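Enquirer: Data: start_25.pdb, PDB, C-alpha atoms, pLDDT in the B column.
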ATOM      1  CA  MET A   1     104.097  97.545  89.805  1.00 84.00           C
ATOM      2  CA  LEU A   2     100.337  97.784  89.293  1.00 90.00           C
ATOM      3  CA  SER A   3      99.711  97.563  93.037  1.00 90.00           C
ATOM      4  CA  ARG A   4      99.647 101.339  93.425  1.00 91.00           C
ATOM      5  CA  GLU A   5      99.876 104.448  91.315  1.00 93.00           C
ATOM      6  CA  ILE A   6     103.413 105.563  90.485  1.00 92.00           C
ATOM      7  CA  ASP A   7     104.476 108.814  88.841  1.00 93.00           C
ATOM      8  CA  TYR A   8     106.844 107.388  86.231  1.00 91.00           C
ATOM      9  CA  SER A   9     107.868 110.887  85.144  1.00 91.00           C
ATOM     10  CA  LYS A  10     110.092 111.006  88.254  1.00 94.00           C
ATOM     11  CA  PHE A  11     112.357 108.288  86.838  1.00 95.00           C
ATOM     12  CA  GLY A  12     114.746 108.109  83.906  1.00 95.00           C
ATOM     13  CA  LEU A  13     114.496 104.322  83.771  1.00 94.00           C
ATOM     14  CA  TYR A  14     112.071 101.971  85.459  1.00 92.00           C
ATOM     15  CA  TYR A  15     112.774  98.207  85.363  1.00 91.00           C
ATOM     16  CA  ALA A  16     110.236  95.701  86.664  1.00 90.00           C
ATOM     17  CA  GLY A  17     110.021  91.921  86.612  1.00 86.00           C
ATOM     18  CA  LEU A  18     106.516  90.724  85.753  1.00 82.00           C
ATOM     19  CA  GLN A  19     106.068  88.092  88.427  1.00 81.00           C
ATOM     20  CA  LYS A  20     103.094  88.436  90.733  1.00 84.00           C
ATOM     21  CA  ASN A  21     101.197  91.634  89.784  1.00 91.00           C
ATOM     22  CA  LEU A  22     101.977  92.034  86.090  1.00 91.00           C
ATOM     23  CA  GLY A  23     102.336  88.488  84.798  1.00 89.00           C
ATOM     24  CA  PRO A  24     104.476  85.354  85.084  1.00 89.00           C
ATOM     25  CA  SER A  25     108.192  85.393  85.671  1.00 84.00           C
ATOM     26  CA  GLY A  26     110.447  85.351  82.649  1.00 81.00           C
ATOM     27  CA  LEU A  27     109.745  88.801  81.282  1.00 84.00           C
ATOM     28  CA  ALA A  28     110.583  92.329  82.349  1.00 87.00           C
ATOM     29  CA  VAL A  29     109.117  95.715  81.543  1.00 89.00           C
ATOM     30  CA  VAL A  30     111.469  98.630  81.039  1.00 91.00           C
ATOM     31  CA  ILE A  31     110.249 102.206  80.815  1.00 92.00           C
ATOM     32  CA  VAL A  32     112.940 104.578  79.561  1.00 93.00           C
ATOM     33  CA  ARG A  33     112.673 108.330  79.255  1.00 94.00           C
ATOM     34  CA  LYS A  34     113.232 109.229  75.568  1.00 94.00           C
ATOM     35  CA  ASP A  35     116.064 111.669  76.271  1.00 94.00           C
ATOM     36  CA  LEU A  36     118.112 108.780  77.713  1.00 94.00           C
ATOM     37  CA  LEU A  37     117.881 106.663  74.565  1.00 95.00           C
ATOM     38  CA  GLY A  38     121.193 106.636  72.713  1.00 92.00           C
ATOM     39  CA  SER A  39     123.338 107.336  75.771  1.00 91.00           C
ATOM     40  CA  GLN A  40     124.525 103.733  76.209  1.00 92.00           C
ATOM     41  CA  THR A  41     128.215 102.881  76.030  1.00 93.00           C
ATOM     42  CA  LYS A  42     129.777 100.944  73.137  1.00 91.00           C
ATOM     43  CA  GLN A  43     130.130  97.933  75.452  1.00 95.00           C
ATOM     44  CA  CYS A  44     126.385  97.782  76.146  1.00 93.00           C
ATOM     45  CA  PRO A  45     125.018  94.363  75.167  1.00 91.00           C
ATOM     46  CA  THR A  46     122.234  94.335  72.570  1.00 85.00           C
ATOM     47  CA  LEU A  47     119.732  92.996  75.091  1.00 84.00           C
ATOM     48  CA  LEU A  48     120.209  96.117  77.255  1.00 89.00           C
ATOM     49  CA  ASN A  49     120.432  98.606  74.401  1.00 92.00           C
ATOM     50  CA  TYR A  50     117.130 100.376  74.891  1.00 93.00           C
ATOM     51  CA  GLU A  51     117.671 102.599  71.853  1.00 94.00           C
ATOM     52  CA  ASP A  52     117.700  99.471  69.659  1.00 92.00           C
ATOM     53  CA  MET A  53     114.692  98.136  71.561  1.00 91.00           C
ATOM     54  CA  ALA A  54     112.752 101.341  70.903  1.00 93.00           C
ATOM     55  CA  LYS A  55     113.662 101.331  67.192  1.00 93.00           C
ATOM     56  CA  ASN A  56     112.626  97.682  66.802  1.00 90.00           C
ATOM     57  CA  ASP A  57     109.380  97.675  68.819  1.00 88.00           C
ATOM     58  CA  SER A  58     111.079  95.645  71.585  1.00 86.00           C
ATOM     59  CA  LEU A  59     111.748  92.794  69.144  1.00 84.00           C
ATOM     60  CA  THR A  60     115.561  92.662  69.055  1.00 82.00           C
ATOM     61  CA  ASN A  61     115.448  89.088  70.335  1.00 80.00           C
ATOM     62  CA  THR A  62     112.944  86.242  70.562  1.00 82.00           C
ATOM     63  CA  THR A  63     110.441  87.201  73.222  1.00 83.00           C
ATOM     64  CA  ASN A  64     108.494  85.076  75.651  1.00 86.00           C
ATOM     65  CA  THR A  65     105.149  85.295  73.848  1.00 90.00           C
ATOM     66  CA  PHE A  66     103.260  83.407  76.554  1.00 92.00           C
ATOM     67  CA  ALA A  67     104.393  85.889  79.212  1.00 90.00           C
ATOM     68  CA  ILE A  68     103.386  88.786  76.954  1.00 90.00           C
ATOM     69  CA  TYR A  69      99.958  87.196  76.450  1.00 94.00           C
ATOM     70  CA  VAL A  70      99.502  86.753  80.207  1.00 94.00           C
ATOM     71  CA  MET A  71     100.655  90.338  80.806  1.00 93.00           C
ATOM     72  CA  LYS A  72      98.006  91.552  78.351  1.00 95.00           C
ATOM     73  CA  GLN A  73      95.360  89.547  80.216  1.00 96.00           C
ATOM     74  CA  VAL A  74      96.499  91.099  83.507  1.00 95.00           C
ATOM     75  CA  LEU A  75      96.453  94.608  82.034  1.00 95.00           C
ATOM     76  CA  ASP A  76      92.932  93.998  80.699  1.00 97.00           C
ATOM     77  CA  TRP A  77      91.873  92.759  84.153  1.00 96.00           C
ATOM     78  CA  VAL A  78      93.334  95.862  85.843  1.00 96.00           C
ATOM     79  CA  SER A  79      91.446  98.022  83.350  1.00 97.00           C
ATOM     80  CA  GLU A  80      88.209  96.115  84.084  1.00 97.00           C
ATOM     81  CA  GLN A  81      88.738  96.768  87.821  1.00 96.00           C
ATOM     82  CA  GLY A  82      88.762 100.507  87.158  1.00 97.00           C
ATOM     83  CA  GLY A  83      92.504 100.965  86.687  1.00 97.00           C
ATOM     84  CA  VAL A  84      95.517 101.019  88.977  1.00 97.00           C
ATOM     85  CA  LYS A  85      93.961 103.579  91.355  1.00 97.00           C
ATOM     86  CA  GLN A  86      91.022 101.252  92.060  1.00 97.00           C
ATOM     87  CA  VAL A  87      93.334  98.230  92.428  1.00 97.00           C
ATOM     88  CA  GLU A  88      95.409 100.259  94.900  1.00 97.00           C
ATOM     89  CA  GLU A  89      92.317 101.005  97.000  1.00 97.00           C
ATOM     90  CA  VAL A  90      91.400  97.311  97.096  1.00 97.00           C
ATOM     91  CA  ASN A  91      94.991  96.411  98.027  1.00 97.00           C
ATOM     92  CA  LYS A  92      95.022  98.942 100.855  1.00 97.00           C
ATOM     93  CA  ALA A  93      91.731  97.575 102.172  1.00 98.00           C
ATOM     94  CA  LYS A  94      93.036  93.985 102.045  1.00 98.00           C
ATOM     95  CA  ALA A  95      96.239  94.935 103.868  1.00 98.00           C
ATOM     96  CA  LYS A  96      94.296  96.927 106.480  1.00 98.00           C
ATOM     97  CA  ILE A  97      92.287  93.839 107.420  1.00 98.00           C
ATOM     98  CA  LEU A  98      95.467  91.984 108.377  1.00 98.00           C
ATOM     99  CA  TYR A  99      97.367  94.930 109.864  1.00 98.00           C
ATOM    100  CA  ASP A 100      94.404  95.718 112.127  1.00 98.00           C
ATOM    101  CA  ILE A 101      94.646  92.206 113.561  1.00 98.00           C
ATOM    102  CA  LEU A 102      98.399  92.543 114.045  1.00 97.00           C
ATOM    103  CA  ASP A 103      98.033  95.918 115.750  1.00 96.00           C
ATOM    104  CA  GLU A 104      95.222  94.772 118.045  1.00 96.00           C
ATOM    105  CA  SER A 105      96.757  91.435 119.052  1.00 95.00           C
ATOM    106  CA  GLN A 106      98.605  92.866 122.060  1.00 92.00           C
ATOM    107  CA  ASP A 107     101.952  91.383 121.001  1.00 93.00           C
ATOM    108  CA  PHE A 108     100.655  87.936 120.017  1.00 97.00           C
ATOM    109  CA  TYR A 109     101.260  88.788 116.361  1.00 97.00           C
ATOM    110  CA  ARG A 110     104.427  90.841 115.969  1.00 96.00           C
ATOM    111  CA  PRO A 111     104.735  92.710 112.663  1.00 95.00           C
ATOM    112  CA  PHE A 112     108.194  93.053 111.088  1.00 92.00           C
ATOM    113  CA  ALA A 113     107.777  96.413 109.426  1.00 92.00           C
ATOM    114  CA  HIS A 114     107.327  99.763 111.127  1.00 93.00           C
ATOM    115  CA  LYS A 115     103.834 101.183 110.502  1.00 94.00           C
ATOM    116  CA  ASP A 116     105.207 103.873 108.171  1.00 95.00           C
ATOM    117  CA  HIS A 117     106.933 101.289 105.976  1.00 95.00           C
ATOM    118  CA  ARG A 118     104.425  98.471 105.663  1.00 96.00           C
ATOM    119  CA  SER A 119     103.864  96.712 102.388  1.00 95.00           C
ATOM    120  CA  ILE A 120     100.383  96.325 100.961  1.00 96.00           C
ATOM    121  CA  MET A 121     101.598  93.228  99.064  1.00 95.00           C
ATOM    122  CA  ASN A 122     103.375  91.234 101.785  1.00 95.00           C
ATOM    123  CA  VAL A 123     102.175  91.313 105.379  1.00 97.00           C
ATOM    124  CA  THR A 124     104.968  89.912 107.528  1.00 96.00           C
ATOM    125  CA  PHE A 125     104.982  89.033 111.193  1.00 97.00           C
ATOM    126  CA  ASN A 126     106.248  86.716 113.919  1.00 96.00           C
ATOM    127  CA  LEU A 127     104.486  84.916 116.712  1.00 97.00           C
ATOM    128  CA  PRO A 128     105.764  84.640 120.314  1.00 96.00           C
ATOM    129  CA  SER A 129     107.698  81.411 119.618  1.00 96.00           C
ATOM    130  CA  GLU A 130     109.036  79.239 116.803  1.00 94.00           C
ATOM    131  CA  SER A 131     106.723  76.479 118.011  1.00 96.00           C
ATOM    132  CA  LEU A 132     103.654  78.698 117.606  1.00 97.00           C
ATOM    133  CA  GLN A 133     104.832  79.789 114.161  1.00 96.00           C
ATOM    134  CA  SER A 134     105.150  76.148 113.149  1.00 96.00           C
ATOM    135  CA  ASP A 135     101.678  75.400 114.544  1.00 98.00           C
ATOM    136  CA  PHE A 136     100.306  78.455 112.727  1.00 98.00           C
ATOM    137  CA  ILE A 137     101.628  77.236 109.370  1.00 97.00           C
ATOM    138  CA  THR A 138     100.434  73.665 109.956  1.00 97.00           C
ATOM    139  CA  GLU A 139      96.938  74.733 111.034  1.00 98.00           C
ATOM    140  CA  ALA A 140      96.729  77.282 108.211  1.00 98.00           C
ATOM    141  CA  ASN A 141      97.523  74.545 105.672  1.00 98.00           C
ATOM    142  CA  THR A 142      94.811  72.375 107.208  1.00 97.00           C
ATOM    143  CA  ASN A 143      92.402  75.274 106.661  1.00 97.00           C
ATOM    144  CA  GLY A 144      93.350  75.721 103.000  1.00 97.00           C
ATOM    145  CA  LEU A 145      95.666  78.680 103.615  1.00 97.00           C
ATOM    146  CA  TYR A 146      98.984  77.944 101.923  1.00 96.00           C
ATOM    147  CA  ALA A 147     102.404  79.498 101.387  1.00 95.00           C
ATOM    148  CA  LEU A 148     102.442  81.496 104.628  1.00 97.00           C
ATOM    149  CA  LYS A 149     105.905  80.430 105.735  1.00 95.00           C
ATOM    150  CA  GLY A 150     108.119  83.495 105.797  1.00 92.00           C
ATOM    151  CA  HIS A 151     111.098  84.222 103.605  1.00 85.00           C
ATOM    152  CA  ARG A 152     113.846  81.604 103.875  1.00 84.00           C
ATOM    153  CA  LYS A 153     116.311  84.177 105.248  1.00 84.00           C
ATOM    154  CA  VAL A 154     113.962  86.235 107.450  1.00 84.00           C
ATOM    155  CA  GLY A 155     111.596  83.554 108.715  1.00 90.00           C
ATOM    156  CA  GLY A 156     108.328  84.328 110.433  1.00 95.00           C
ATOM    157  CA  ILE A 157     105.044  84.456 108.577  1.00 98.00           C
ATOM    158  CA  ARG A 158     104.453  86.184 105.243  1.00 97.00           C
ATOM    159  CA  ALA A 159     100.994  86.640 103.772  1.00 97.00           C
ATOM    160  CA  SER A 160     101.453  87.585 100.122  1.00 96.00           C
ATOM    161  CA  ILE A 161      98.284  89.392  99.087  1.00 96.00           C
ATOM    162  CA  TYR A 162      99.111  90.435  95.543  1.00 95.00           C
ATOM    163  CA  ASN A 163      96.527  91.866  93.152  1.00 95.00           C
ATOM    164  CA  GLY A 164      95.198  88.424  92.190  1.00 91.00           C
ATOM    165  CA  VAL A 165      94.333  87.485  95.784  1.00 95.00           C
ATOM    166  CA  PRO A 166      90.648  88.260  96.339  1.00 96.00           C
ATOM    167  CA  LYS A 167      89.453  90.127  99.425  1.00 97.00           C
ATOM    168  CA  GLU A 168      87.565  86.965 100.459  1.00 98.00           C
ATOM    169  CA  GLY A 169      90.887  85.112 100.712  1.00 97.00           C
ATOM    170  CA  VAL A 170      92.295  87.803 102.988  1.00 98.00           C
ATOM    171  CA  GLU A 171      89.125  87.693 105.092  1.00 98.00           C
ATOM    172  CA  LYS A 172      89.490  83.905 105.431  1.00 98.00           C
ATOM    173  CA  LEU A 173      93.073  84.373 106.630  1.00 98.00           C
ATOM    174  CA  ALA A 174      91.932  87.081 109.054  1.00 98.00           C
ATOM    175  CA  GLN A 175      89.289  84.800 110.569  1.00 98.00           C
ATOM    176  CA  PHE A 176      91.871  82.040 110.913  1.00 98.00           C
ATOM    177  CA  MET A 177      94.308  84.435 112.612  1.00 98.00           C
ATOM    178  CA  LEU A 178      91.671  85.534 115.123  1.00 98.00           C
ATOM    179  CA  SER A 179      90.673  81.950 115.960  1.00 98.00           C
ATOM    180  CA  PHE A 180      94.328  80.845 116.168  1.00 98.00           C
ATOM    181  CA  GLU A 181      95.119  83.665 118.581  1.00 98.00           C
ATOM    182  CA  LYS A 182      92.079  82.841 120.721  1.00 97.00           C
ATOM    183  CA  LYS A 183      93.056  79.167 120.818  1.00 97.00           C
ATOM    184  CA  HIS A 184      96.766  79.696 121.579  1.00 96.00           C
ATOM    185  CA  ARG A 185      96.915  82.846 123.709  1.00 88.00           C
TER     186      ARG A 185
END
Show how you would write the structure in this file as structure tokens.

Expert:
Amino acid sequence: MLSREIDYSKFGLYYAGLQKNLGPSGLAVVIVRKDLLGSQTKQCPTLLNYEDMAKNDSLTNTTNTFAIYVMKQVLDWVSEQGGVKQVEEVNKAKAKILYDILDESQDFYRPFAHKDHRSIMNVTFNLPSESLQSDFITEANTNGLYALKGHRKVGGIRASIYNGVPKEGVEKLAQFMLSFEKKHR
């Protein structure tokens, strides 16, 4: 959410956790089409009764006010950037920097995702060996590039380049990747 434009009119209900692009964890945003309000079952817990939420301005329980404050700051920032469309363009440009290196590395960097299904938020890849992946993470840390170790279940390398990551940070990672490849090929 907020990484690219989405036509919310295509959905009856949209549920999103705030972490990363919209704010800190601990809060969720729910967008419900009005014609669906009131269609919950009798067993529906109050917290998930969106009709009650709508009637009470989303205040049917004690909310995480800090997370709401941070979300407002993020929304203001997105607006200052020119809106979601502009943020999407920046995100695509950041991702392109890294995907170009992956695609031109002649199998040194091995992307997980097929080109048609690549994320602009998480660029994931492997290297030719576990040893090189370990060296990559160690040398990246030494160069001030942190949290690149892949998902605990999938492994590999994962560069999370969410909205808050500046293009300069992605460029620093790209330069490191090029020098690492040159050094270890």

Enquirer: My list of candidates is A:Asn21, A:Leu27, A:Gln106, A:Ile97. Which is closest to Phe66 of chain A when distances are computed with all atoms listed in the file?

Expert: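 Looking only at the distances to Phe66 of chain A, the closest residue turns out to be A:Leu27.
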
Enquirer: Determine, counting only C-alpha atoms, every residue of protein, DNA or RNA that lies within 12 Å of (104.3, 91.7, 82.4) in the file coordinates, then give the result as number ranges by chain.

Expert: A: 1-2, 15-30, 63-76

Enquirer: Just the residues within 7 Å of segment 79-84 of chain A, please, counting all atoms listed in the file, with nothing from its chain fewer than 5 positions along; format it as a PyMOL selection string.

Expert: chain A and resi 2-5

Enquirer: Nearest to Lys96 of chain A: which of A:Val170, A:Leu48, A:Val78, A:Val154 is it, counting only C-alpha atoms?

Expert: A:Val170

Enquirer: Find the distance between atom CA of Ser119 of chain A and atom CA of Lys167 of chain A and write it in Å to one decimal.

Expert: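 Spanning atom CA of Ser119 of chain A to atom CA of Lys167 of chain A is a straight-line distance of 16.1 Å.
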